[in-house]
Structure formats: structure tokens, C-alpha cells
Amino acid sequence: MPSRPSLSRRIAYRLKRSTLAERAYQFLTTVFSPAYNEDGMRLHKNPAFLSDPDFRRAYAAALKQEPGTRTRWRARTTQWAARRALEIEGDFVECGVNKAFFAASAMEFVNFKERTDRTFHLFDTFEGVASSQVGEGERAAFKNEYADTHAFVRETFKDYPNVRIVKGVVPDSLREAEIERVAYLSIDMNVAYPERAALEFFWEKLTPGATVTLDDYGFPGRDAQRRAADEFAASRDRLVLPLPTGQGLLIK
Ligand SMILES: C[S@@+](CC[C@H](N)C(=O)[O-])C[C@H]1O[C@@H](n2cnc3c(N)ncnc32)[C@H](O)[C@@H]1O
């Protein structure tokens, strides 16, 4: 009759079994029932913010701009940045607006319409990417898929006394806007050249503590944008935080 394994062996075996079981459980729940599964992220984390009434109200406002969009965690990042911006001096800026999905979400989250001491500047060509700005390394992945959304965005914010819509090509259009201090900067133009130029233009205007959200930073095929942001950050002795959403975050 085989002898009974020692107590230490039995404990070790149980631990090993429970680790395996835990791993299997994690694998199965991550694959089959992740707590968050959209926008290229399958996460077994606790996205408690999804049930926050303020988040839901703000995301509903964004969905009016682009129904069916599932980018809730990215929207949360911009809401967080907007809330944070209220703690410091400065205006809000987005370069690359399209239908104003993230801008609508951020504005609704902080009830921007009532904050008449601040202006939200929305910069876009409203005609898509300027093809002369597309770099060599970006041409393969380049698709100009944007319709003219100028009238649509104007209609969305027609009752906002503090939203300023600037139609034109960044960086030229930035010079027309007289903006002194910036507390919130969102950059989402899909091309490295104007994104880097916007960073250069606004950096001195950013109030210390202001956030810069780089929407495309960690997305596949966006290497030129990521490199441009990294080079810019390094030139200012900063480091971009890559978020699992694909966004990059920089704090002045
Ligand atoms: C990905 S979309 C922006 C999406 C938007 N942030 C949202 O919340 O849905 C990119 C936008 O950048 C704009 N764009 C690209 N290059 C630009 C430039 N040099 N100046 C101004 N707008 C530009 C395009 O017209 C397009 O509307």
C-alpha cells in the first residue's frame, strides 16, 4: 500500500492545484465573460464607472453625435480630463473633432454650457485630413473617411455661448484663435504632422497640471503619431503614459 504523502507535499499540491484552477478561471472569464469588452479591449477588471449616472448621462450625449459607438473607456478618459481641467485655469481645446463625440461627452460630463468663464475651442478642417500633411510612413494606412460635419457640429452647440468652432487646417488655424491658457487639450487628427504642431503650439499655453489626451497614440498602424508624441514629450523632459484604451496621456 503506497504511503500517504507528507503534509508539506499535500499542501504544495493543493496550492498548485488552486493556482491552476485560479488561472483557468481567469482565462475562462476573460475569454468568455470579460467585464469590459469593446474598442479592442477585453478586460477582466472592474469598470465600475459604467454605472455612474454622470458617466451615463455624458455618454448618452456623445451617442447622439454618433449612435452605436462603443468607446466608453476612452470617453471616460476625456471626462476625467475635463473634470480635472476645472480645477485649474484655462480653456478647453480639441484638435480633430469630426462629429464631436468625445467633445460632447466631456462637455456634458462637466455641464460645460453653464461654465461661461471657459471656452471650448473645436478645431477641424471639417473636410477630413489634409493630404499634404500625410507623411511617407503614414500613406499605407491612410484613409480619408470624413464627411463634412461642420453644419452638424454647429447645430449641436448652437445654444452653447462658450463653444467656438474653428474651421481650418491645423496648425494654421490655431494662430487665428486667441487662446491664452489651456486646461484641457485633446488631439485626434490621425496624422503626425498637425498633432506634433498642435503640441508645439499649445505646450507653453498649458496650465501646469493640464492634460493632453492623444487619442490614437497606442493604436496599431499609428506609429508615426506615437513617435511624434514621444519625441515631443522627450523634448520637454516628459513621458507619455500609454493607456490600455490606446490613448496616450501627457500631463504638463
Ligand atoms: C478621428 S477624427 C476625430 C474624432 C473626434 N475626436 C471624435 O470625438 O469623434 C479626425 C478628425 O481630424 C480632422 N483633421 C485631420 N487633420 C486635420 C488638420 N490638419 N486640421 C484640422 N483638422 C484635421 C479630420 O477632419 C477629422 O474630422
# chains A, B, ... in the order shown; residues from 1 in each chain; ligands from 1
$ residues_near_ligand --ligand "ligand 1" --cutoff "9 Å" --atoms "only C-alpha atoms and all ligand atoms" --output "count of residues only"
52
$ residues_around --residues "Tyr217 in chain A" --least-positions-apart "3" --cutoff "9 Å" --atoms "only C-alpha atoms" --output "number ranges by chain"
A: 213-214, 220, 222-223, 225-227, 229, 242-243, 246-249
$ write_last_selection --atoms "N, CA and C atoms" --output "short mmCIF file (atom, residue, chain, number, x, y, z; two decimals), in the first residue's frame"
data_model
loop_
_atom_site.label_atom_id
_atom_site.label_comp_id
_atom_site.auth_asym_id
_atom_site.auth_seq_id
_atom_site.Cartn_x
_atom_site.Cartn_y
_atom_site.Cartn_z
N THR A 213 -4.66 64.65 -24.10
CA THR A 213 -5.07 63.29 -24.46
C THR A 213 -4.79 63.09 -25.94
N LEU A 214 -4.04 62.05 -26.22
CA LEU A 214 -3.65 61.72 -27.60
C LEU A 214 -4.44 60.48 -27.99
N PRO A 220 -2.73 50.30 -33.41
CA PRO A 220 -1.87 49.70 -34.43
C PRO A 220 -1.87 50.56 -35.70
N ARG A 222 -0.39 53.34 -36.07
CA ARG A 222 -0.27 54.77 -35.77
C ARG A 222 1.12 55.12 -35.26
N ASP A 223 2.11 54.40 -35.76
CA ASP A 223 3.48 54.56 -35.25
C ASP A 223 3.99 55.98 -35.41
N GLN A 225 2.36 58.79 -35.42
CA GLN A 225 1.77 59.68 -34.40
C GLN A 225 2.41 59.41 -33.03
N ARG A 226 2.57 58.13 -32.72
CA ARG A 226 3.15 57.79 -31.41
C ARG A 226 4.58 58.33 -31.31
N ARG A 227 5.35 58.13 -32.37
CA ARG A 227 6.75 58.60 -32.34
C ARG A 227 6.80 60.12 -32.22
N ALA A 229 4.64 62.06 -30.84
CA ALA A 229 4.28 62.44 -29.46
C ALA A 229 5.42 62.14 -28.51
N PRO A 242 1.06 55.46 -21.80
CA PRO A 242 0.20 54.72 -22.73
C PRO A 242 -0.94 54.08 -21.94
N LEU A 243 -2.16 54.35 -22.32
CA LEU A 243 -3.31 53.75 -21.65
C LEU A 243 -3.76 52.52 -22.44
N GLY A 246 -5.65 52.70 -25.74
CA GLY A 246 -4.99 53.15 -26.97
C GLY A 246 -4.63 54.63 -26.88
N GLN A 247 -5.22 55.32 -25.94
CA GLN A 247 -4.89 56.76 -25.78
C GLN A 247 -3.52 56.92 -25.12
N GLY A 248 -2.93 58.06 -25.36
CA GLY A 248 -1.73 58.45 -24.62
C GLY A 248 -2.09 59.65 -23.77
N LEU A 249 -1.48 59.74 -22.63
CA LEU A 249 -1.80 60.83 -21.71
C LEU A 249 -0.52 61.55 -21.30
#
$ closest_residue --among "A:Ala192, A:Ala197, A:Val212, A:Ala224" --to "Leu239 in chain A" --atoms "only C-alpha atoms"
A:Val212
$ select_by_dssp --residues "range 35-201 of chain A" --states "strand (DSSP E)" --output "number ranges by chain"
A: 36-38, 41-43, 91-95, 120-124, 163-167, 182-187
$ write_last_selection --atoms "N, CA and C atoms" --output "PDB file, in the first residue's frame"
ATOM      1  N   TYR A  36     -15.257  44.020 -19.414  1.00  0.00           N
ATOM      2  CA  TYR A  36     -15.286  45.098 -20.400  1.00  0.00           C
ATOM      3  C   TYR A  36     -14.800  44.512 -21.706  1.00  0.00           C
ATOM      4  N   ASN A  37     -15.579  44.632 -22.733  1.00  0.00           N
ATOM      5  CA  ASN A  37     -15.214  44.008 -23.996  1.00  0.00           C
ATOM      6  C   ASN A  37     -15.677  44.892 -25.152  1.00  0.00           C
ATOM      7  N   GLU A  38     -14.912  45.927 -25.428  1.00  0.00           N
ATOM      8  CA  GLU A  38     -15.223  46.771 -26.580  1.00  0.00           C
ATOM      9  C   GLU A  38     -14.002  47.587 -26.960  1.00  0.00           C
ATOM     10  N   MET A  41     -10.585  46.063 -26.445  1.00  0.00           N
ATOM     11  CA  MET A  41     -10.107  45.695 -25.096  1.00  0.00           C
ATOM     12  C   MET A  41     -11.019  44.628 -24.497  1.00  0.00           C
ATOM     13  N   ARG A  42     -10.398  43.526 -24.105  1.00  0.00           N
ATOM     14  CA  ARG A  42     -11.134  42.506 -23.350  1.00  0.00           C
ATOM     15  C   ARG A  42     -10.505  42.466 -21.974  1.00  0.00           C
ATOM     16  N   LEU A  43     -11.177  43.030 -21.003  1.00  0.00           N
ATOM     17  CA  LEU A  43     -10.552  43.193 -19.691  1.00  0.00           C
ATOM     18  C   LEU A  43     -11.360  42.527 -18.591  1.00  0.00           C
ATOM     19  N   ASP A  91      -8.766  77.359 -20.953  1.00  0.00           N
ATOM     20  CA  ASP A  91      -9.831  76.920 -21.852  1.00  0.00           C
ATOM     21  C   ASP A  91      -9.664  75.451 -22.207  1.00  0.00           C
ATOM     22  N   PHE A  92     -10.654  74.966 -22.928  1.00  0.00           N
ATOM     23  CA  PHE A  92     -10.658  73.585 -23.399  1.00  0.00           C
ATOM     24  C   PHE A  92     -10.433  73.626 -24.924  1.00  0.00           C
ATOM     25  N   VAL A  93      -9.644  72.679 -25.415  1.00  0.00           N
ATOM     26  CA  VAL A  93      -9.334  72.661 -26.853  1.00  0.00           C
ATOM     27  C   VAL A  93      -9.399  71.222 -27.359  1.00  0.00           C
ATOM     28  N   GLU A  94     -10.025  71.053 -28.505  1.00  0.00           N
ATOM     29  CA  GLU A  94      -9.884  69.773 -29.203  1.00  0.00           C
ATOM     30  C   GLU A  94      -9.457  70.045 -30.639  1.00  0.00           C
ATOM     31  N   CYS A  95      -8.408  69.339 -31.086  1.00  0.00           N
ATOM     32  CA  CYS A  95      -7.955  69.402 -32.471  1.00  0.00           C
ATOM     33  C   CYS A  95      -8.303  68.065 -33.113  1.00  0.00           C
ATOM     34  N   PHE A 120     -14.710  76.372 -25.024  1.00  0.00           N
ATOM     35  CA  PHE A 120     -14.273  75.110 -25.628  1.00  0.00           C
ATOM     36  C   PHE A 120     -14.027  75.406 -27.109  1.00  0.00           C
ATOM     37  N   HIS A 121     -12.781  75.314 -27.548  1.00  0.00           N
ATOM     38  CA  HIS A 121     -12.409  75.595 -28.933  1.00  0.00           C
ATOM     39  C   HIS A 121     -12.343  74.272 -29.692  1.00  0.00           C
ATOM     40  N   LEU A 122     -13.090  74.192 -30.770  1.00  0.00           N
ATOM     41  CA  LEU A 122     -13.131  72.949 -31.555  1.00  0.00           C
ATOM     42  C   LEU A 122     -12.507  73.213 -32.929  1.00  0.00           C
ATOM     43  N   PHE A 123     -11.346  72.610 -33.159  1.00  0.00           N
ATOM     44  CA  PHE A 123     -10.609  72.835 -34.412  1.00  0.00           C
ATOM     45  C   PHE A 123     -10.735  71.619 -35.337  1.00  0.00           C
ATOM     46  N   ASP A 124     -11.165  71.879 -36.539  1.00  0.00           N
ATOM     47  CA  ASP A 124     -11.204  70.798 -37.541  1.00  0.00           C
ATOM     48  C   ASP A 124     -11.255  71.436 -38.926  1.00  0.00           C
ATOM     49  N   VAL A 163     -18.884  77.780 -26.805  1.00  0.00           N
ATOM     50  CA  VAL A 163     -18.208  76.852 -27.714  1.00  0.00           C
ATOM     51  C   VAL A 163     -17.841  77.607 -28.986  1.00  0.00           C
ATOM     52  N   ARG A 164     -16.595  77.470 -29.370  1.00  0.00           N
ATOM     53  CA  ARG A 164     -16.113  78.182 -30.544  1.00  0.00           C
ATOM     54  C   ARG A 164     -15.615  77.145 -31.554  1.00  0.00           C
ATOM     55  N   ILE A 165     -16.216  77.162 -32.714  1.00  0.00           N
ATOM     56  CA  ILE A 165     -15.874  76.166 -33.728  1.00  0.00           C
ATOM     57  C   ILE A 165     -14.984  76.836 -34.774  1.00  0.00           C
ATOM     58  N   VAL A 166     -13.803  76.297 -34.968  1.00  0.00           N
ATOM     59  CA  VAL A 166     -12.848  76.924 -35.896  1.00  0.00           C
ATOM     60  C   VAL A 166     -12.582  75.965 -37.048  1.00  0.00           C
ATOM     61  N   LYS A 167     -13.070  76.357 -38.215  1.00  0.00           N
ATOM     62  CA  LYS A 167     -12.877  75.511 -39.401  1.00  0.00           C
ATOM     63  C   LYS A 167     -11.576  75.918 -40.090  1.00  0.00           C
ATOM     64  N   VAL A 182      -4.641  77.093 -21.494  1.00  0.00           N
ATOM     65  CA  VAL A 182      -5.396  75.878 -21.831  1.00  0.00           C
ATOM     66  C   VAL A 182      -5.296  74.890 -20.661  1.00  0.00           C
ATOM     67  N   ALA A 183      -6.462  74.347 -20.286  1.00  0.00           N
ATOM     68  CA  ALA A 183      -6.506  73.385 -19.184  1.00  0.00           C
ATOM     69  C   ALA A 183      -6.800  71.971 -19.680  1.00  0.00           C
ATOM     70  N   TYR A 184      -7.326  71.887 -20.897  1.00  0.00           N
ATOM     71  CA  TYR A 184      -7.746  70.593 -21.464  1.00  0.00           C
ATOM     72  C   TYR A 184      -7.389  70.601 -22.945  1.00  0.00           C
ATOM     73  N   LEU A 185      -6.579  69.647 -23.352  1.00  0.00           N
ATOM     74  CA  LEU A 185      -6.215  69.559 -24.774  1.00  0.00           C
ATOM     75  C   LEU A 185      -6.406  68.125 -25.246  1.00  0.00           C
ATOM     76  N   SER A 186      -7.249  67.974 -26.245  1.00  0.00           N
ATOM     77  CA  SER A 186      -7.495  66.653 -26.836  1.00  0.00           C
ATOM     78  C   SER A 186      -7.020  66.698 -28.284  1.00  0.00           C
ATOM     79  N   ILE A 187      -6.176  65.744 -28.658  1.00  0.00           N
ATOM     80  CA  ILE A 187      -5.597  65.746 -30.008  1.00  0.00           C
ATOM     81  C   ILE A 187      -5.965  64.437 -30.705  1.00  0.00           C
TER      82      ILE A 187
END
$ select_by_dssp --residues "range 177-238 of chain A" --states "helix (DSSP H, G or I)" --output "list of chain:residue names"
A:Ala192, A:Tyr193, A:Pro194, A:Glu195, A:Arg196, A:Ala197, A:Ala198, A:Leu199, A:Glu200, A:Phe201, A:Phe202, A:Trp203, A:Asp223, A:Ala224, A:Gln225, A:Arg226, A:Arg227, A:Ala228, A:Ala229, A:Asp230, A:Glu231, A:Phe232, A:Ala233, A:Ala234, A:Ser235
$ atom_distance --atom1 "CA of Phe49 in chain A" --atom2 "CA of Phe109 in chain A"
12.5 Å
$ closest_residue --among "A:Thr207, A:Arg72, A:Phe201, A:Arg196" --to "Asp52 in chain A" --atoms "only C-alpha atoms"
A:Arg72
$ residues_around --residues "Thr116 in chain A" --least-positions-apart "6" --cutoff "10 Å" --atoms "only C-alpha atoms" --output "compact mmCIF listing (two decimals) with N, CA and C atoms, in the first residue's frame"
# COMPACT_ATOMS: atom_id res chain seq x y z
N TYR A 160 -24.79 76.82 -27.04
CA TYR A 160 -23.66 76.94 -26.10
C TYR A 160 -22.97 78.28 -26.36
N PRO A 161 -23.08 79.22 -25.43
CA PRO A 161 -22.44 80.51 -25.68
C PRO A 161 -20.92 80.43 -25.65
N ASN A 162 -20.40 79.35 -25.11
CA ASN A 162 -18.96 79.26 -24.86
C ASN A 162 -18.26 78.20 -25.69
N VAL A 163 -18.88 77.78 -26.80
CA VAL A 163 -18.21 76.85 -27.71
C VAL A 163 -17.84 77.61 -28.99
$ atom_distance --atom1 "CA of Asp54 in chain A" --atom2 "CA of Glu108 in chain A"
8.6 Å
$ closest_residue --among "A:Ser51, A:Thr119, A:Arg4, A:Gly68" --to "Glu180 in chain A" --atoms "only C-alpha atoms"
A:Thr119
$ closest_residue --among "A:Ala58, A:Ala198, A:Val110, A:Ala177" --to "Glu87 in chain A" --atoms "only C-alpha atoms"
A:Val110
$ atom_distance --atom1 "CA of Phe152 in chain A" --atom2 "CA of Arg70 in chain A"
20.6 Å
$ residues_around --residues "Arg238 in chain A" --least-positions-apart "5" --cutoff "12 Å" --atoms "only C-alpha atoms" --output "list in words"
Trp203, Val212, Ala229, Asp230, Glu231, Phe232, Ala233, Leu249, Leu250, Ile251 and Lys252 of chain A
$ closest_residue --among "A:Gln79, A:Val240, A:Gly221, A:Ile179" --to "Lys143 in chain A" --atoms "only C-alpha atoms"
A:Gly221
$ closest_residue --among "A:Pro244, A:Gly135, A:Ser235, A:Ala228" --to "Arg74 in chain A" --atoms "only C-alpha atoms"
A:Pro244
